[in-house]
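So this block is run05.pdb, PDB, C-alpha atoms:
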```pdb
ATOM      1  CA  MET A   1     -57.577  -4.236  66.464
ATOM      2  CA  ASP A   2     -54.120  -5.716  66.035
ATOM      3  CA  THR A   3     -55.323  -9.351  65.907
ATOM      4  CA  PRO A   4     -54.745 -10.735  62.373
ATOM      5  CA  ASN A   5     -57.723 -12.199  60.534
ATOM      6  CA  SER A   6     -56.938 -15.834  59.927
ATOM      7  CA  SER A   7     -59.684 -16.192  57.364
ATOM      8  CA  VAL A   8     -58.047 -13.778  54.883
ATOM      9  CA  ARG A   9     -56.019 -15.423  52.093
ATOM     10  CA  PRO A  10     -52.336 -14.489  52.004
ATOM     11  CA  HIS A  11     -51.424 -11.837  49.447
ATOM     12  CA  ALA A  12     -49.163 -12.667  46.496
ATOM     13  CA  PRO A  13     -45.638 -11.175  46.748
ATOM     14  CA  ALA A  14     -45.105  -7.872  44.955
ATOM     15  CA  ARG A  15     -43.493  -8.019  41.480
ATOM     16  CA  GLY A  16     -41.076  -5.272  42.363
ATOM     17  CA  ASP A  17     -39.232  -7.220  45.029
ATOM     18  CA  GLY A  18     -36.149  -7.709  42.832
ATOM     19  CA  LYS A  19     -36.717 -11.412  42.076
ATOM     20  CA  ASN A  20     -36.750 -12.813  38.561
ATOM     21  CA  HIS A  21     -40.144 -14.105  37.547
ATOM     22  CA  PRO A  22     -40.219 -16.860  34.944
ATOM     23  CA  SER A  23     -42.023 -16.079  31.735
ATOM     24  CA  GLN A  24     -45.210 -17.775  30.663
ATOM     25  CA  ARG A  25     -43.227 -20.003  28.286
ATOM     26  CA  ALA A  26     -40.878 -21.008  31.134
ATOM     27  CA  ARG A  27     -43.828 -21.813  33.404
ATOM     28  CA  LYS A  28     -45.370 -24.006  30.706
ATOM     29  CA  ALA A  29     -41.990 -25.721  30.143
ATOM     30  CA  THR A  30     -41.782 -26.387  33.868
ATOM     31  CA  ARG A  31     -45.164 -28.016  33.897
ATOM     32  CA  ARG A  32     -44.057 -30.217  30.974
ATOM     33  CA  GLY A  33     -40.709 -31.026  32.612
ATOM     34  CA  GLY A  34     -38.552 -29.043  30.093
ATOM     35  CA  VAL A  35     -35.193 -27.414  30.789
ATOM     36  CA  ILE A  36     -34.944 -24.057  32.505
ATOM     37  CA  HIS A  37     -31.831 -21.953  31.828
ATOM     38  CA  ASP A  38     -30.187 -20.291  34.789
ATOM     39  CA  ASN A  39     -27.742 -18.214  32.754
ATOM     40  CA  PHE A  40     -25.221 -15.594  33.762
ATOM     41  CA  ARG A  41     -23.286 -13.547  31.225
ATOM     42  CA  HIS A  42     -19.622 -14.545  30.869
ATOM     43  CA  ALA A  43     -17.067 -11.746  31.056
ATOM     44  CA  THR A  44     -13.869 -13.817  30.659
ATOM     45  CA  ARG A  45     -12.765 -17.267  29.504
ATOM     46  CA  PHE A  46     -15.656 -18.081  27.177
ATOM     47  CA  THR A  47     -16.061 -19.403  23.627
ATOM     48  CA  VAL A  48     -18.863 -18.479  21.207
ATOM     49  CA  ILE A  49     -20.418 -21.597  19.657
ATOM     50  CA  GLY A  50     -23.020 -21.456  16.907
ATOM     51  CA  ASN A  51     -26.293 -23.319  17.264
ATOM     52  CA  HIS A  52     -25.618 -24.900  13.895
ATOM     53  CA  LEU A  53     -22.919 -26.901  15.711
ATOM     54  CA  ALA A  54     -24.456 -27.315  19.163
ATOM     55  CA  GLN A  55     -27.780 -28.489  17.681
ATOM     56  CA  HIS A  56     -26.419 -30.289  14.615
ATOM     57  CA  THR A  57     -28.800 -33.044  13.534
ATOM     58  CA  GLU A  58     -26.243 -35.321  11.878
ATOM     59  CA  LEU A  59     -23.181 -35.071  14.122
ATOM     60  CA  SER A  60     -22.755 -37.408  17.076
ATOM     61  CA  LEU A  61     -22.648 -36.022  20.587
ATOM     62  CA  LEU A  62     -18.958 -36.943  20.769
ATOM     63  CA  ALA A  63     -18.222 -35.023  17.562
ATOM     64  CA  ILE A  64     -20.127 -31.946  18.798
ATOM     65  CA  GLY A  65     -18.296 -31.993  22.132
ATOM     66  CA  LEU A  66     -14.952 -32.495  20.415
ATOM     67  CA  ALA A  67     -15.620 -29.565  18.076
ATOM     68  CA  VAL A  68     -16.503 -27.326  21.027
ATOM     69  CA  HIS A  69     -13.276 -28.371  22.782
ATOM     70  CA  ILE A  70     -11.150 -27.697  19.680
ATOM     71  CA  GLN A  71     -12.728 -24.280  19.086
ATOM     72  CA  SER A  72     -11.975 -23.312  22.687
ATOM     73  CA  LEU A  73      -8.253 -24.048  22.315
ATOM     74  CA  PRO A  74      -5.698 -21.332  21.437
ATOM     75  CA  SER A  75      -4.049 -21.302  18.029
ATOM     76  CA  GLY A  76      -1.163 -23.745  17.813
ATOM     77  CA  ALA A  77      -2.597 -26.256  20.314
ATOM     78  CA  GLN A  78      -2.114 -29.922  19.450
ATOM     79  CA  VAL A  79      -5.350 -31.633  18.321
ATOM     80  CA  ASP A  80      -3.979 -34.896  16.959
ATOM     81  CA  ILE A  81      -5.541 -38.242  17.919
ATOM     82  CA  GLU A  82      -2.786 -39.115  20.411
ATOM     83  CA  THR A  83      -3.171 -35.814  22.287
ATOM     84  CA  LEU A  84      -6.980 -35.968  22.371
ATOM     85  CA  ALA A  85      -6.986 -39.609  23.484
ATOM     86  CA  GLY A  86      -4.688 -38.686  26.344
ATOM     87  CA  ARG A  87      -7.013 -35.862  27.368
ATOM     88  CA  PHE A  88     -10.404 -37.657  27.233
ATOM     89  CA  PRO A  89     -11.517 -41.133  28.288
ATOM     90  CA  GLU A  90     -12.758 -42.021  24.796
ATOM     91  CA  GLY A  91     -10.333 -44.228  22.915
ATOM     92  CA  LYS A  92      -8.393 -43.440  19.747
ATOM     93  CA  THR A  93     -10.926 -45.214  17.538
ATOM     94  CA  ARG A  94     -13.911 -43.168  18.727
ATOM     95  CA  ILE A  95     -11.943 -39.902  18.614
ATOM     96  CA  ALA A  96     -10.689 -40.664  15.098
ATOM     97  CA  GLY A  97     -14.290 -41.322  14.013
ATOM     98  CA  ALA A  98     -15.473 -38.037  15.558
ATOM     99  CA  LEU A  99     -12.719 -36.125  13.757
ATOM    100  CA  ARG A 100     -13.795 -37.689  10.461
ATOM    101  CA  GLU A 101     -17.381 -36.571  11.168
ATOM    102  CA  LEU A 102     -16.244 -32.988  11.742
ATOM    103  CA  GLU A 103     -14.125 -33.109   8.595
ATOM    104  CA  THR A 104     -17.077 -34.420   6.548
ATOM    105  CA  HIS A 105     -19.368 -31.602   7.708
ATOM    106  CA  GLY A 106     -16.737 -28.858   7.224
ATOM    107  CA  TYR A 107     -15.822 -28.116  10.839
ATOM    108  CA  LEU A 108     -12.258 -29.385  10.312
ATOM    109  CA  ARG A 109      -9.829 -29.228   7.388
ATOM    110  CA  ARG A 110      -6.796 -31.505   7.553
ATOM    111  CA  THR A 111      -4.049 -31.400   4.949
ATOM    112  CA  ARG A 112      -0.627 -33.001   4.697
ATOM    113  CA  MET A 113       2.263 -30.603   4.144
ATOM    114  CA  ARG A 114       6.054 -30.666   4.149
ATOM    115  CA  THR A 115       7.965 -28.428   6.552
ATOM    116  CA  ASP A 116      11.182 -26.583   5.767
ATOM    117  CA  GLY A 117      13.092 -29.409   7.410
ATOM    118  CA  GLY A 118      11.536 -31.995   5.066
ATOM    119  CA  ARG A 119       9.149 -33.576   7.611
ATOM    120  CA  ILE A 120       5.551 -34.419   6.638
ATOM    121  CA  VAL A 121       3.032 -33.023   9.159
ATOM    122  CA  THR A 122      -0.753 -32.717   9.299
ATOM    123  CA  ARG A 123      -2.101 -29.169   9.276
ATOM    124  CA  THR A 124      -5.495 -28.893  11.006
ATOM    125  CA  VAL A 125      -7.782 -25.892  10.542
ATOM    126  CA  SER A 126     -10.854 -25.526  12.801
ATOM    127  CA  CYS A 127     -13.826 -23.751  11.186
ATOM    128  CA  ASN A 128     -16.469 -22.260  13.454
ATOM    129  CA  GLN A 129     -18.666 -21.601  10.398
ATOM    130  CA  PRO A 130     -18.218 -24.168   7.617
ATOM    131  CA  GLY A 131     -17.978 -22.674   4.152
ATOM    132  CA  ARG A 132     -16.367 -19.440   5.291
ATOM    133  CA  THR A 133     -12.687 -18.554   5.476
ATOM    134  CA  GLY A 134     -11.648 -16.259   8.297
ATOM    135  CA  ALA A 135      -8.717 -15.657  10.597
ATOM    136  CA  THR A 136      -7.986 -19.400  10.822
ATOM    137  CA  GLU A 137      -6.191 -19.256   7.496
ATOM    138  CA  GLU A 138      -2.502 -18.575   7.652
ATOM    139  CA  PRO A 139      -2.030 -14.963   6.565
ATOM    140  CA  LYS A 140      -0.168 -14.607   3.328
ATOM    141  CA  PRO A 141       2.686 -12.115   3.373
ATOM    142  CA  ARG A 142       1.736  -8.900   1.648
ATOM    143  CA  PRO A 143       4.093  -8.029  -1.180
ATOM    144  CA  ARG A 144       6.118  -4.955  -0.462
ATOM    145  CA  ARG A 145       5.471  -2.148  -2.876
ATOM    146  CA  ASN A 146       8.613  -0.868  -4.481
ATOM    147  CA  THR A 147       9.288   2.723  -5.401
ATOM    148  CA  ASP A 148       7.939   2.295  -8.939
ATOM    149  CA  GLU A 149       4.579   1.001  -7.648
ATOM    150  CA  ARG A 150       4.250   3.898  -5.211
ATOM    151  CA  ALA A 151       5.129   6.324  -8.010
ATOM    152  CA  ARG A 152       2.444   4.823 -10.251
ATOM    153  CA  ARG A 153      -0.074   4.995  -7.412
ATOM    154  CA  ARG A 154       0.542   8.738  -6.947
ATOM    155  CA  ALA A 155       1.842   9.627 -10.389
ATOM    156  CA  LEU A 156       2.576  13.268 -11.126
ATOM    157  CA  PRO A 157       1.053  14.940 -14.189
ATOM    158  CA  ALA A 158       3.095  14.731 -17.361
ATOM    159  CA  VAL A 159       5.392  17.637 -18.212
ATOM    160  CA  PRO A 160       6.668  18.968 -21.565
ATOM    161  CA  GLN A 161       9.768  17.370 -22.997
ATOM    162  CA  PRO A 162      12.681  19.304 -24.530
ATOM    163  CA  ALA A 163      13.515  18.778 -28.188
ATOM    164  CA  TYR A 164      17.244  18.483 -27.446
ATOM    165  CA  PRO A 165      17.869  17.358 -23.836
ATOM    166  CA  ALA A 166      21.498  18.426 -23.665
ATOM    167  CA  PRO A 167      23.271  17.673 -20.371
ATOM    168  CA  ASP A 168      23.994  21.362 -19.708
ATOM    169  CA  LEU A 169      20.333  22.228 -20.290
ATOM    170  CA  LEU A 170      19.131  19.559 -17.873
ATOM    171  CA  ARG A 171      21.691  20.637 -15.280
ATOM    172  CA  THR A 172      20.452  24.237 -15.461
ATOM    173  CA  ALA A 173      16.848  23.042 -15.144
ATOM    174  CA  LEU A 174      17.734  21.096 -11.994
ATOM    175  CA  GLU A 175      19.367  24.206 -10.517
ATOM    176  CA  VAL A 176      16.158  26.151 -11.156
ATOM    177  CA  LEU A 177      14.076  23.548  -9.321
ATOM    178  CA  SER A 178      16.533  23.366  -6.430
ATOM    179  CA  GLY A 179      16.310  27.128  -5.948
ATOM    180  CA  LEU A 180      12.517  27.250  -5.717
ATOM    181  CA  ARG A 181      12.531  26.477  -1.980
ATOM    182  CA  ARG A 182      14.503  29.675  -1.383
ATOM    183  CA  GLU A 183      11.626  31.647  -2.894
ATOM    184  CA  ASP A 184       8.909  29.666  -1.098
ATOM    185  CA  PRO A 185       9.708  27.008   1.553
ATOM    186  CA  ARG A 186       6.577  25.086   0.504
ATOM    187  CA  LEU A 187       8.269  24.229  -2.811
ATOM    188  CA  LEU A 188      10.730  21.796  -1.256
ATOM    189  CA  LEU A 189      10.940  18.860  -3.705
ATOM    190  CA  SER A 190      12.219  15.344  -3.327
ATOM    191  CA  ALA A 191      14.836  13.892  -5.660
ATOM    192  CA  THR A 192      12.185  11.788  -7.439
ATOM    193  CA  GLU A 193       9.903  14.784  -7.951
ATOM    194  CA  ALA A 194      12.738  16.953  -9.245
ATOM    195  CA  GLU A 195      13.778  14.219 -11.684
ATOM    196  CA  HIS A 196      10.226  14.172 -13.040
ATOM    197  CA  LEU A 197      10.034  17.982 -13.414
ATOM    198  CA  VAL A 198      13.486  18.608 -14.925
ATOM    199  CA  PRO A 199      12.434  17.936 -18.564
ATOM    200  CA  GLY A 200       9.540  20.396 -18.211
ATOM    201  CA  VAL A 201      11.858  23.185 -17.006
ATOM    202  CA  ALA A 202      14.314  22.320 -19.794
ATOM    203  CA  ALA A 203      11.516  22.734 -22.345
ATOM    204  CA  TRP A 204      10.961  26.261 -21.013
ATOM    205  CA  LEU A 205      14.662  27.090 -21.186
ATOM    206  CA  GLU A 206      14.705  25.946 -24.821
ATOM    207  CA  ARG A 207      12.235  28.741 -25.573
ATOM    208  CA  ASP A 208      14.839  31.446 -24.882
ATOM    209  CA  LEU A 209      13.759  32.026 -21.262
ATOM    210  CA  THR A 210      16.346  32.730 -18.618
ATOM    211  CA  PRO A 211      16.467  30.632 -15.437
ATOM    212  CA  GLU A 212      15.277  33.673 -13.476
ATOM    213  CA  ALA A 213      12.225  34.046 -15.730
ATOM    214  CA  VAL A 214      11.296  30.370 -15.303
ATOM    215  CA  GLN A 215      11.702  30.624 -11.544
ATOM    216  CA  HIS A 216       9.497  33.727 -11.442
ATOM    217  CA  ALA A 217       6.779  32.003 -13.476
ATOM    218  CA  LEU A 218       6.722  28.990 -11.139
ATOM    219  CA  THR A 219       6.690  30.912  -7.849
ATOM    220  CA  THR A 220       4.372  33.852  -8.620
ATOM    221  CA  GLY A 221       0.707  33.751  -7.625
ATOM    222  CA  LEU A 222       0.799  30.597  -5.502
ATOM    223  CA  PRO A 223      -2.286  29.905  -3.350
ATOM    224  CA  PRO A 224      -1.994  31.006   0.294
ATOM    225  CA  GLU A 225      -3.206  27.685   1.741
ATOM    226  CA  PRO A 226      -0.765  24.807   2.435
ATOM    227  CA  LEU A 227       0.475  22.926  -0.626
ATOM    228  CA  HIS A 228      -0.123  19.223  -0.127
ATOM    229  CA  ARG A 229       1.544  18.213  -3.419
ATOM    230  CA  PRO A 230       3.741  21.095  -4.632
ATOM    231  CA  ALA A 231       5.293  18.926  -7.346
ATOM    232  CA  ALA A 232       1.849  18.344  -8.914
ATOM    233  CA  LEU A 233       1.190  22.097  -8.915
ATOM    234  CA  LEU A 234       4.526  22.785 -10.595
ATOM    235  CA  ALA A 235       3.888  20.077 -13.193
ATOM    236  CA  HIS A 236       0.530  21.676 -14.012
ATOM    237  CA  ARG A 237       2.097  25.115 -14.404
ATOM    238  CA  LEU A 238       4.898  23.806 -16.596
ATOM    239  CA  THR A 239       2.301  22.297 -18.935
ATOM    240  CA  ALA A 240      -0.504  24.872 -18.840
ATOM    241  CA  GLN A 241       1.722  27.974 -19.062
ATOM    242  CA  LEU A 242       4.312  26.648 -21.535
ATOM    243  CA  PRO A 243       5.409  29.635 -23.682
ATOM    244  CA  PRO A 244       5.467  29.344 -27.476
ATOM    245  CA  LEU A 245       8.563  28.509 -29.429
ATOM    246  CA  PRO A 246      10.668  31.516 -30.462
ATOM    247  CA  PRO A 247      10.321  32.671 -34.085
ATOM    248  CA  PHE A 248      12.593  31.068 -36.636
ATOM    249  CA  ARG A 249      15.820  32.946 -37.266
ATOM    250  CA  ALA A 250      17.974  32.216 -40.240
ATOM    251  CA  PRO A 251      21.473  31.271 -39.235
ATOM    252  CA  ASP A 252      24.129  33.940 -39.594
ATOM    253  CA  ALA A 253      26.403  33.809 -42.633
ATOM    254  CA  PRO A 254      29.565  31.920 -41.874
ATOM    255  CA  ALA A 255      32.655  34.020 -41.279
ATOM    256  CA  PRO A 256      35.223  33.996 -44.084
ATOM    257  CA  ALA A 257      37.610  31.149 -43.756
ATOM    258  CA  ARG A 258      40.998  32.056 -42.410
ATOM    259  CA  HIS A 259      43.750  30.225 -44.229
ATOM    260  CA  PRO A 260      46.402  28.555 -42.155
ATOM    261  CA  LEU A 261      49.816  30.097 -41.662
ATOM    262  CA  GLN A 262      52.478  29.241 -44.257
ATOM    263  CA  ASN A 263      56.238  29.961 -44.300
ATOM    264  CA  CYS A 264      57.499  32.013 -47.224
ATOM    265  CA  ASP A 265      59.879  30.050 -49.455
ATOM    266  CA  MET A 266      62.115  33.105 -49.935
ATOM    267  CA  CYS A 267      62.182  35.031 -46.623
ATOM    268  CA  ASP A 268      60.875  32.314 -44.319
ATOM    269  CA  ARG A 269      58.320  34.740 -42.904
ATOM    270  CA  ALA A 270      54.850  33.498 -41.893
ATOM    271  CA  PHE A 271      51.904  34.448 -44.055
ATOM    272  CA  ARG A 272      48.361  33.153 -44.491
ATOM    273  CA  GLY A 273      47.675  31.264 -47.664
ATOM    274  CA  SER A 274      45.765  28.293 -48.903
ATOM    275  CA  GLU A 275      48.933  26.727 -50.285
ATOM    276  CA  PRO A 276      52.679  26.978 -49.513
ATOM    277  CA  GLY A 277      54.574  29.623 -51.567
ATOM    278  CA  THR A 278      55.906  33.144 -51.169
ATOM    279  CA  CYS A 279      54.503  35.969 -49.125
ATOM    280  CA  GLY A 280      53.087  39.141 -50.658
ATOM    281  CA  PRO A 281      56.234  41.354 -50.494
ATOM    282  CA  CYS A 282      58.460  38.627 -51.899
ATOM    283  CA  ALA A 283      55.965  37.955 -54.692
ATOM    284  CA  ALA A 284      55.816  41.701 -55.538
ATOM    285  CA  GLY A 285      59.653  42.002 -55.610
ATOM    286  CA  ARG A 286      59.878  38.979 -57.870
ATOM    287  CA  SER A 287      57.438  40.538 -60.290
ATOM    288  CA  LEU A 288      59.423  43.862 -60.329
ATOM    289  CA  ARG A 289      62.669  42.065 -61.026
ATOM    290  CA  ALA A 290      61.036  40.194 -63.802
TER     291      ALA A 290
END
```
Could I get this structure in the form of structure tokens?
Amino acid sequence: MDTPNSSVRPHAPARGDGKNHPSQRARKATRRGGVIHDNFRHATRFTVIGNHLAQHTELSLLAIGLAVHIQSLPSGAQVDIETLAGRFPEGKTRIAGALRELETHGYLRRTRMRTDGGRIVTRTVSCNQPGRTGATEEPKPRPRRNTDERARRRALPAVPQPAYPAPDLLRTALEVLSGLRREDPRLLLSATEAEHLVPGVAAWLERDLTPEAVQHALTTGLPPEPLHRPAALLAHRLTAQLPPLPPFRAPDAPAPARHPLQNCDMCDRAFRGSEPGTCGPCAAGRSLRA
């Protein structure tokens, strides 16, 4: 019973034995003598090369290999003709021709530039995709935004302007704004924000409101949630709740003019008069004697 039957054909190996089975296309390529790829995924020390370069129809094999070598180098590596000729067996003439091929098809950009020291050097830029500009370009320094640009980017709403911005009025308005944080810690303002809001508070003070009344109007009924931009809220209140101008009042009649003091010509006593002369008693005695 245990004697094997030699007439039975051997069975094909199971497909689940863990071996890789070539696809139908690979089997046909094998029969035709084509290449079979035995690939393993790289985890470190690899360079991504596009098929547009590896299978380029117009570049020479030397140019394609040279482009792959250059793209695998770190930034700042020397890729001049002398360095490449010392690295590879091809001579300077063939390497120079391959570099010109890569430059013609957009895989290299070479420009002459002057350094800070006055020397003329060749700047070489390797392009892994011709026609596109990526990280190979030298980054241009970003201009630093000054305070005015940041203020324009997050500008506060406009506030009313006083008709007569007297220094004392503006000083009182600044004191009102500085005291808001004592009523509500969320109303802590920066110097720039306070400078923007001062004219609006001054416009309120011009309308016969006391500093306490302005402070009460700005701090009453605030929302309970956190205030992300308290200065913007205050600017809105100063504009939306601006009280009307007080009614016109005729100016009071001027007080009677007080004449300056004069010395009496007779008794040398001081008296008030528009012109020098005699005082009242001396003038009355003169008239009696007359």
**Message:** Measuring between all atoms listed in the file, which one of A:Gly200, A:Pro251, A:Gly277, A:Pro244 shows the shortest distance to A:Ala231?
**Reply:**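 The answer is A:Gly200, which sits nearest to A:Ala231.
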**Item:** Coordinates-based distance that separates atom CA of A:Ala191 from atom CA of A:Leu245 (Å, one decimal)
**Value:** 28.6 Å
Please identify every residue of stretch 232-287 of chain A that has at least one atom no farther than 12 Å from an atom of stretch 209-228 of chain A, counting all atoms listed in the file, and for each give the shortest atom pair and the distance in Å to one decimal, arranged by chain then increasing number, as a tab-separated table.
```
residue	atom	partner	partner_atom	distance
A:Ala232	CA	A:His228	CA	9.0
A:Leu233	CA	A:Leu227	CA	8.4
A:Leu234	CA	A:Leu218	CA	6.6
A:Ala235	CA	A:Leu218	CA	9.6
A:His236	CA	A:Leu218	CA	10.0
A:Arg237	CA	A:Leu218	CA	6.9
A:Leu238	CA	A:Leu218	CA	7.7
A:Thr239	CA	A:Leu218	CA	11.2
A:Ala240	CA	A:Leu218	CA	11.3
A:Gln241	CA	A:Ala217	CA	8.5
A:Leu242	CA	A:Ala217	CA	10.0
A:Pro243	CA	A:Leu209	CA	9.0
A:Pro244	CA	A:Leu209	CA	10.7
A:Leu245	CA	A:Leu209	CA	10.3
A:Pro246	CA	A:Leu209	CA	9.7
```
**Request:** Write out as a count of residues only the residues lying within 12 Å of A:Pro165, counting only C-alpha atoms and excluding same-chain residues fewer than 2 positions away.
**Result:** 20
**One-decimal distance in Å that lies between atom CA of A:Val125 and atom CA of A:Arg112** = 11.7 Å
**Prompt:** Taking (52.9, 38.8, -46.3) in the file's coordinates as the center, which residues reach within 12 Å of it, counting all atoms listed in the file, put as a list in words?
**Reply:** Leu261, Gln262, Asn263, Cys264, Asp265, Met266, Cys267, Asp268, Arg269, Ala270, Phe271, Arg272, Gly273, Gly277, Thr278, Cys279, Gly280, Pro281, Cys282, Ala283, Ala284 and Gly285 of chain A
Per-axis box centre and lengths in Å around stretch 213-230 of chain A, 6 Å margin per side, axis-aligned, as AutoDock Vina command-line options:
```
--center_x 4.5 --center_y 26.1 --center_z -6.6 --size_x 27.4 --size_y 27.8 --size_z 30.2
```
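The shell of residues at most 6 Å from stretch 62-71 of chain A, with only C-alpha atoms counted and near chain neighbours (fewer than 2 positions) removed, consists of Ser60, Leu73 and Ala98 of chain A.
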**Request:** Could you give me, as a list in words, the residues within 9 Å of A:Thr124, counting only C-alpha atoms and dropping anything in the same chain fewer than 6 positions from it?
**Result:**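 Final neighbour list, sorted by chain and number: Val79, Asp80, Leu108, Arg109, Arg110, Thr111 and Arg112 of chain A.
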Can you pull out the residues contacting A:Glu58? Cut-off 9 Å, using all atoms listed in the file, and skip same-chain residues under 2 positions away; I want them as a PDB file with C-alpha atoms, in the frame of the given file.
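Below is the file that was written, result04.pdb:
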```pdb
ATOM      1  CA  HIS A  56     -26.419 -30.289  14.615  1.00  0.00           C
ATOM      2  CA  SER A  60     -22.755 -37.408  17.076  1.00  0.00           C
ATOM      3  CA  GLU A 101     -17.381 -36.571  11.168  1.00  0.00           C
ATOM      4  CA  HIS A 105     -19.368 -31.602   7.708  1.00  0.00           C
TER       5      HIS A 105
END
```
**Request:** Apply the PyMOL selection byres ((chain A and resi 107) around 6) to the displayed file and report the matching residues as a list in words.
**Result:**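 Selected by the PyMOL selection byres ((chain A and resi 107) around 6) here: Leu102, Glu103, His105, Gly106, Leu108, Ser126, Cys127 and Pro130 of chain A.
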**Protein, DNA and RNA residues within 6 Å of (-17.6, -19.9, 17.7), all atoms listed in the file, as a PyMOL selection string** = chain A and resi 48-50+128
**Request:** Considering only C-alpha atoms, state which residue in the set A:Gln78, A:Met113, A:Gln129, A:Leu61 is at the smallest distance from A:Arg94.
**Result:**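 Of A:Gln78, A:Met113, A:Gln129, A:Leu61, the one nearest A:Arg94 is A:Leu61, counting only C-alpha atoms.
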**Prompt:** Quick one: distance from atom CA of A:Pro276 to atom CA of A:Pro254 in Å, one decimal?
**Reply:** 24.8 Å
